Amino acid sequence: MEPVEGNNLYRCYDIKSHVELVCKIANNPCSNLLTAHFRLDGHRHVNSLHKVIQGNNQTYLLYSPSEGDLHSYVRVRKRLREPEARRLCRQMCEVVKSCHEQGIVLRDLKLRKFVFADRER
């Protein structure tokens, strides 16, 4: 698997469907991580799990690839106009609020962890 720049994620391919995916590798046991993903499943601003593969020592969480992250986007753009910044900030706040409502605490919140599902941002 090829590492995705700036993340602890890996680019991979489903050999049956030839679909590109992104893989996060978690050491077992990772039931808390899986529970958090399942609690947020279907949220419009949360990248849903495509597939989960459990091994003896590690679990592989597979997602659809993203269209970049907020950290890289801001670095390239240098500045965001207020309407765009407000829209992106509102989306981040909605996700954090949803996490809190589901009893999920985000310990390491940073721009790089907010990824775009499509080019429309």
# chains A, B, ... in the order shown; residues from 1 in each chain; ligands from 1

call {"tool": "select_by_dssp", "arguments": {"residues": "chain A", "states": "alpha helix (DSSP H)", "output": "mmCIF file with N, CA and C atoms, in the first residue's frame"}}
result
data_model
loop_
_atom_site.group_PDB
_atom_site.id
_atom_site.type_symbol
_atom_site.label_atom_id
_atom_site.label_comp_id
_atom_site.auth_asym_id
_atom_site.auth_seq_id
_atom_site.Cartn_x
_atom_site.Cartn_y
_atom_site.Cartn_z
ATOM 1 N N SER A 31 -12.271 -1.671 19.073
ATOM 2 C CA SER A 31 -13.737 -1.621 19.128
ATOM 3 C C SER A 31 -14.254 -0.206 19.351
ATOM 4 N N ASN A 32 -13.531 0.621 20.121
ATOM 5 C CA ASN A 32 -13.972 2.002 20.338
ATOM 6 C C ASN A 32 -13.988 2.789 19.029
ATOM 7 N N LEU A 33 -12.963 2.602 18.208
ATOM 8 C CA LEU A 33 -12.875 3.283 16.921
ATOM 9 C C LEU A 33 -14.016 2.851 15.997
ATOM 10 N N LEU A 34 -14.264 1.555 15.938
ATOM 11 C CA LEU A 34 -15.349 1.049 15.093
ATOM 12 C C LEU A 34 -16.710 1.524 15.595
ATOM 13 N N THR A 35 -16.907 1.516 16.902
ATOM 14 C CA THR A 35 -18.167 1.985 17.477
ATOM 15 C C THR A 35 -18.409 3.441 17.107
ATOM 16 N N ALA A 36 -17.366 4.265 17.182
ATOM 17 C CA ALA A 36 -17.506 5.679 16.830
ATOM 18 C C ALA A 36 -17.915 5.833 15.367
ATOM 19 N N HIS A 37 -17.301 5.071 14.477
ATOM 20 C CA HIS A 37 -17.653 5.154 13.053
ATOM 21 C C HIS A 37 -19.095 4.725 12.818
ATOM 22 N N PHE A 38 -19.520 3.660 13.486
ATOM 23 C CA PHE A 38 -20.879 3.178 13.278
ATOM 24 C C PHE A 38 -21.914 4.132 13.861
ATOM 25 N N ARG A 39 -21.580 4.835 14.934
ATOM 26 C CA ARG A 39 -22.502 5.819 15.515
ATOM 27 C C ARG A 39 -22.735 6.993 14.564
ATOM 28 N N LEU A 70 -8.473 19.957 4.579
ATOM 29 C CA LEU A 70 -8.634 21.383 4.801
ATOM 30 C C LEU A 70 -7.297 22.088 5.041
ATOM 31 N N HIS A 71 -6.369 21.427 5.693
ATOM 32 C CA HIS A 71 -5.049 22.016 5.944
ATOM 33 C C HIS A 71 -4.347 22.347 4.627
ATOM 34 N N SER A 72 -4.303 21.394 3.726
ATOM 35 C CA SER A 72 -3.653 21.608 2.426
ATOM 36 C C SER A 72 -4.390 22.672 1.620
ATOM 37 N N TYR A 73 -5.702 22.647 1.683
ATOM 38 C CA TYR A 73 -6.511 23.620 0.942
ATOM 39 C C TYR A 73 -6.209 25.043 1.403
ATOM 40 N N VAL A 74 -6.157 25.256 2.716
ATOM 41 C CA VAL A 74 -5.880 26.596 3.253
ATOM 42 C C VAL A 74 -4.448 27.025 2.920
ATOM 43 N N ARG A 75 -3.498 26.101 2.990
ATOM 44 C CA ARG A 75 -2.104 26.441 2.663
ATOM 45 C C ARG A 75 -1.962 26.884 1.216
ATOM 46 N N VAL A 76 -2.645 26.213 0.319
ATOM 47 C CA VAL A 76 -2.562 26.566 -1.100
ATOM 48 C C VAL A 76 -3.266 27.891 -1.360
ATOM 49 N N ARG A 77 -4.424 28.071 -0.772
ATOM 50 C CA ARG A 77 -5.217 29.279 -1.007
ATOM 51 C C ARG A 77 -4.665 30.492 -0.256
ATOM 52 N N GLU A 82 -14.484 35.374 3.592
ATOM 53 C CA GLU A 82 -15.316 35.120 4.769
ATOM 54 C C GLU A 82 -16.480 34.157 4.502
ATOM 55 N N PRO A 83 -17.240 34.284 3.404
ATOM 56 C CA PRO A 83 -18.344 33.331 3.184
ATOM 57 C C PRO A 83 -17.873 31.875 3.098
ATOM 58 N N GLU A 84 -16.740 31.666 2.436
ATOM 59 C CA GLU A 84 -16.223 30.293 2.324
ATOM 60 C C GLU A 84 -15.727 29.793 3.672
ATOM 61 N N ALA A 85 -14.995 30.638 4.394
ATOM 62 C CA ALA A 85 -14.497 30.259 5.723
ATOM 63 C C ALA A 85 -15.669 29.940 6.655
ATOM 64 N N ARG A 86 -16.720 30.739 6.590
ATOM 65 C CA ARG A 86 -17.904 30.529 7.436
ATOM 66 C C ARG A 86 -18.560 29.190 7.104
ATOM 67 N N ARG A 87 -18.709 28.893 5.798
ATOM 68 C CA ARG A 87 -19.329 27.631 5.376
ATOM 69 C C ARG A 87 -18.524 26.428 5.853
ATOM 70 N N LEU A 88 -17.200 26.488 5.684
ATOM 71 C CA LEU A 88 -16.346 25.380 6.110
ATOM 72 C C LEU A 88 -16.343 25.238 7.634
ATOM 73 N N CYS A 89 -16.295 26.357 8.329
ATOM 74 C CA CYS A 89 -16.314 26.326 9.791
ATOM 75 C C CYS A 89 -17.636 25.752 10.295
ATOM 76 N N ARG A 90 -18.734 26.106 9.643
ATOM 77 C CA ARG A 90 -20.047 25.583 10.030
ATOM 78 C C ARG A 90 -20.078 24.063 9.855
ATOM 79 N N GLN A 91 -19.515 23.571 8.759
ATOM 80 C CA GLN A 91 -19.481 22.121 8.542
ATOM 81 C C GLN A 91 -18.662 21.435 9.638
ATOM 82 N N MET A 92 -17.514 22.017 9.983
ATOM 83 C CA MET A 92 -16.677 21.424 11.038
ATOM 84 C C MET A 92 -17.434 21.400 12.361
ATOM 85 N N CYS A 93 -18.099 22.501 12.694
ATOM 86 C CA CYS A 93 -18.849 22.589 13.955
ATOM 87 C C CYS A 93 -19.992 21.579 13.985
ATOM 88 N N GLU A 94 -20.668 21.373 12.847
ATOM 89 C CA GLU A 94 -21.744 20.381 12.776
ATOM 90 C C GLU A 94 -21.221 18.980 13.075
ATOM 91 N N VAL A 95 -20.058 18.659 12.518
ATOM 92 C CA VAL A 95 -19.487 17.329 12.738
ATOM 93 C C VAL A 95 -19.084 17.158 14.204
ATOM 94 N N VAL A 96 -18.416 18.155 14.762
ATOM 95 C CA VAL A 96 -17.987 18.067 16.168
ATOM 96 C C VAL A 96 -19.216 17.953 17.075
ATOM 97 N N LYS A 97 -20.246 18.738 16.786
ATOM 98 C CA LYS A 97 -21.487 18.678 17.576
ATOM 99 C C LYS A 97 -22.105 17.283 17.490
ATOM 100 N N SER A 98 -22.172 16.723 16.281
ATOM 101 C CA SER A 98 -22.725 15.378 16.109
ATOM 102 C C SER A 98 -21.921 14.342 16.874
ATOM 103 N N CYS A 99 -20.602 14.492 16.838
ATOM 104 C CA CYS A 99 -19.746 13.576 17.599
ATOM 105 C C CYS A 99 -20.073 13.661 19.083
ATOM 106 N N HIS A 100 -20.164 14.864 19.606
ATOM 107 C CA HIS A 100 -20.457 15.053 21.030
ATOM 108 C C HIS A 100 -21.829 14.493 21.392
ATOM 109 N N GLU A 101 -22.807 14.683 20.512
ATOM 110 C CA GLU A 101 -24.149 14.150 20.764
ATOM 111 C C GLU A 101 -24.156 12.622 20.811
#

call {"tool": "select_by_dssp", "arguments": {"residues": "chain A", "states": "strand (DSSP E)", "output": "ChimeraX atom specification"}}
result
/A:2-3,9-13,20-27,49-54,58-63

call {"tool": "atom_distance", "arguments": {"atom1": "atom CA of A:Arg11", "atom2": "atom CA of A:Arg44"}}
result
22.8 Å

call {"tool": "atom_distance", "arguments": {"atom1": "atom CA of A:Val19", "atom2": "atom CA of A:Gly68"}}
result
17.8 Å

call {"tool": "closest_residue", "arguments": {"among": "A:Ser64, A:Gly103, A:Gln58, A:Tyr13", "to": "A:Val46", "atoms": "only C-alpha atoms"}}
result
A:Ser64

call {"tool": "residues_around", "arguments": {"residues": "stretch 48-54 of chain A", "least_positions_apart": "3", "cutoff": "10 Å", "atoms": "only C-alpha atoms", "output": "ChimeraX atom specification"}}
result
/A:21-30,34,37-38,40-45,57-64

call {"tool": "write_last_selection", "arguments": {"atoms": "N, CA and C atoms", "output": "PDB file, in the first residue's frame"}}
result
ATOM      1  N   LEU A  21      -9.341   2.906  -2.994  1.00  0.00           N
ATOM      2  CA  LEU A  21      -9.818   3.148  -1.645  1.00  0.00           C
ATOM      3  C   LEU A  21      -8.692   3.741  -0.809  1.00  0.00           C
ATOM      4  N   VAL A  22      -9.044   4.172   0.382  1.00  0.00           N
ATOM      5  CA  VAL A  22      -8.069   4.651   1.349  1.00  0.00           C
ATOM      6  C   VAL A  22      -8.202   3.768   2.577  1.00  0.00           C
ATOM      7  N   CYS A  23      -7.071   3.337   3.126  1.00  0.00           N
ATOM      8  CA  CYS A  23      -7.066   2.398   4.238  1.00  0.00           C
ATOM      9  C   CYS A  23      -6.410   3.011   5.474  1.00  0.00           C
ATOM     10  N   LYS A  24      -7.089   2.870   6.599  1.00  0.00           N
ATOM     11  CA  LYS A  24      -6.506   3.232   7.894  1.00  0.00           C
ATOM     12  C   LYS A  24      -6.270   1.923   8.624  1.00  0.00           C
ATOM     13  N   ILE A  25      -5.070   1.752   9.158  1.00  0.00           N
ATOM     14  CA  ILE A  25      -4.724   0.524   9.862  1.00  0.00           C
ATOM     15  C   ILE A  25      -4.733   0.811  11.355  1.00  0.00           C
ATOM     16  N   ALA A  26      -5.537   0.053  12.088  1.00  0.00           N
ATOM     17  CA  ALA A  26      -5.638   0.230  13.538  1.00  0.00           C
ATOM     18  C   ALA A  26      -5.210  -1.059  14.220  1.00  0.00           C
ATOM     19  N   ASN A  27      -4.466  -0.916  15.306  1.00  0.00           N
ATOM     20  CA  ASN A  27      -4.073  -2.091  16.085  1.00  0.00           C
ATOM     21  C   ASN A  27      -5.273  -2.599  16.876  1.00  0.00           C
ATOM     22  N   ASN A  28      -5.391  -3.912  16.971  1.00  0.00           N
ATOM     23  CA  ASN A  28      -6.477  -4.520  17.744  1.00  0.00           C
ATOM     24  C   ASN A  28      -6.144  -4.473  19.226  1.00  0.00           C
ATOM     25  N   PRO A  29      -7.090  -4.360  20.109  1.00  0.00           N
ATOM     26  CA  PRO A  29      -8.513  -4.186  19.830  1.00  0.00           C
ATOM     27  C   PRO A  29      -8.813  -2.738  19.472  1.00  0.00           C
ATOM     28  N   CYS A  30      -9.726  -2.544  18.550  1.00  0.00           N
ATOM     29  CA  CYS A  30     -10.091  -1.182  18.126  1.00  0.00           C
ATOM     30  C   CYS A  30     -11.600  -1.006  18.130  1.00  0.00           C
ATOM     31  N   LEU A  34     -14.264   1.555  15.938  1.00  0.00           N
ATOM     32  CA  LEU A  34     -15.349   1.049  15.093  1.00  0.00           C
ATOM     33  C   LEU A  34     -16.710   1.524  15.595  1.00  0.00           C
ATOM     34  N   HIS A  37     -17.301   5.071  14.477  1.00  0.00           N
ATOM     35  CA  HIS A  37     -17.653   5.154  13.053  1.00  0.00           C
ATOM     36  C   HIS A  37     -19.095   4.725  12.818  1.00  0.00           C
ATOM     37  N   PHE A  38     -19.520   3.660  13.486  1.00  0.00           N
ATOM     38  CA  PHE A  38     -20.879   3.178  13.278  1.00  0.00           C
ATOM     39  C   PHE A  38     -21.914   4.132  13.861  1.00  0.00           C
ATOM     40  N   LEU A  40     -21.729   7.335  13.766  1.00  0.00           N
ATOM     41  CA  LEU A  40     -21.823   8.477  12.856  1.00  0.00           C
ATOM     42  C   LEU A  40     -22.172   8.078  11.427  1.00  0.00           C
ATOM     43  N   ASP A  41     -22.392   6.800  11.203  1.00  0.00           N
ATOM     44  CA  ASP A  41     -22.671   6.319   9.859  1.00  0.00           C
ATOM     45  C   ASP A  41     -23.879   7.036   9.276  1.00  0.00           C
ATOM     46  N   GLY A  42     -23.733   7.545   8.063  1.00  0.00           N
ATOM     47  CA  GLY A  42     -24.810   8.244   7.397  1.00  0.00           C
ATOM     48  C   GLY A  42     -24.801   9.750   7.588  1.00  0.00           C
ATOM     49  N   HIS A  43     -23.914  10.269   8.438  1.00  0.00           N
ATOM     50  CA  HIS A  43     -23.828  11.726   8.601  1.00  0.00           C
ATOM     51  C   HIS A  43     -23.276  12.304   7.314  1.00  0.00           C
ATOM     52  N   ARG A  44     -23.893  13.377   6.829  1.00  0.00           N
ATOM     53  CA  ARG A  44     -23.518  13.903   5.512  1.00  0.00           C
ATOM     54  C   ARG A  44     -22.125  14.504   5.458  1.00  0.00           C
ATOM     55  N   HIS A  45     -21.532  14.828   6.603  1.00  0.00           N
ATOM     56  CA  HIS A  45     -20.187  15.409   6.616  1.00  0.00           C
ATOM     57  C   HIS A  45     -19.137  14.444   7.181  1.00  0.00           C
ATOM     58  N   ASN A  57      -4.041  -9.162  14.465  1.00  0.00           N
ATOM     59  CA  ASN A  57      -3.410  -8.083  15.216  1.00  0.00           C
ATOM     60  C   ASN A  57      -3.840  -6.693  14.789  1.00  0.00           C
ATOM     61  N   GLN A  58      -4.395  -6.575  13.582  1.00  0.00           N
ATOM     62  CA  GLN A  58      -4.759  -5.260  13.068  1.00  0.00           C
ATOM     63  C   GLN A  58      -6.112  -5.312  12.370  1.00  0.00           C
ATOM     64  N   THR A  59      -6.743  -4.142  12.315  1.00  0.00           N
ATOM     65  CA  THR A  59      -8.008  -3.990  11.594  1.00  0.00           C
ATOM     66  C   THR A  59      -7.787  -2.953  10.506  1.00  0.00           C
ATOM     67  N   TYR A  60      -8.301  -3.234   9.328  1.00  0.00           N
ATOM     68  CA  TYR A  60      -8.141  -2.357   8.178  1.00  0.00           C
ATOM     69  C   TYR A  60      -9.491  -1.702   7.894  1.00  0.00           C
ATOM     70  N   LEU A  61      -9.542  -0.380   8.001  1.00  0.00           N
ATOM     71  CA  LEU A  61     -10.756   0.375   7.748  1.00  0.00           C
ATOM     72  C   LEU A  61     -10.622   1.014   6.370  1.00  0.00           C
ATOM     73  N   LEU A  62     -11.526   0.689   5.469  1.00  0.00           N
ATOM     74  CA  LEU A  62     -11.443   1.148   4.089  1.00  0.00           C
ATOM     75  C   LEU A  62     -12.517   2.198   3.812  1.00  0.00           C
ATOM     76  N   TYR A  63     -12.088   3.311   3.210  1.00  0.00           N
ATOM     77  CA  TYR A  63     -12.942   4.443   2.887  1.00  0.00           C
ATOM     78  C   TYR A  63     -12.805   4.773   1.411  1.00  0.00           C
ATOM     79  N   SER A  64     -13.778   5.504   0.908  1.00  0.00           N
ATOM     80  CA  SER A  64     -13.621   6.082  -0.422  1.00  0.00           C
ATOM     81  C   SER A  64     -12.558   7.170  -0.336  1.00  0.00           C
TER      82      SER A  64
END
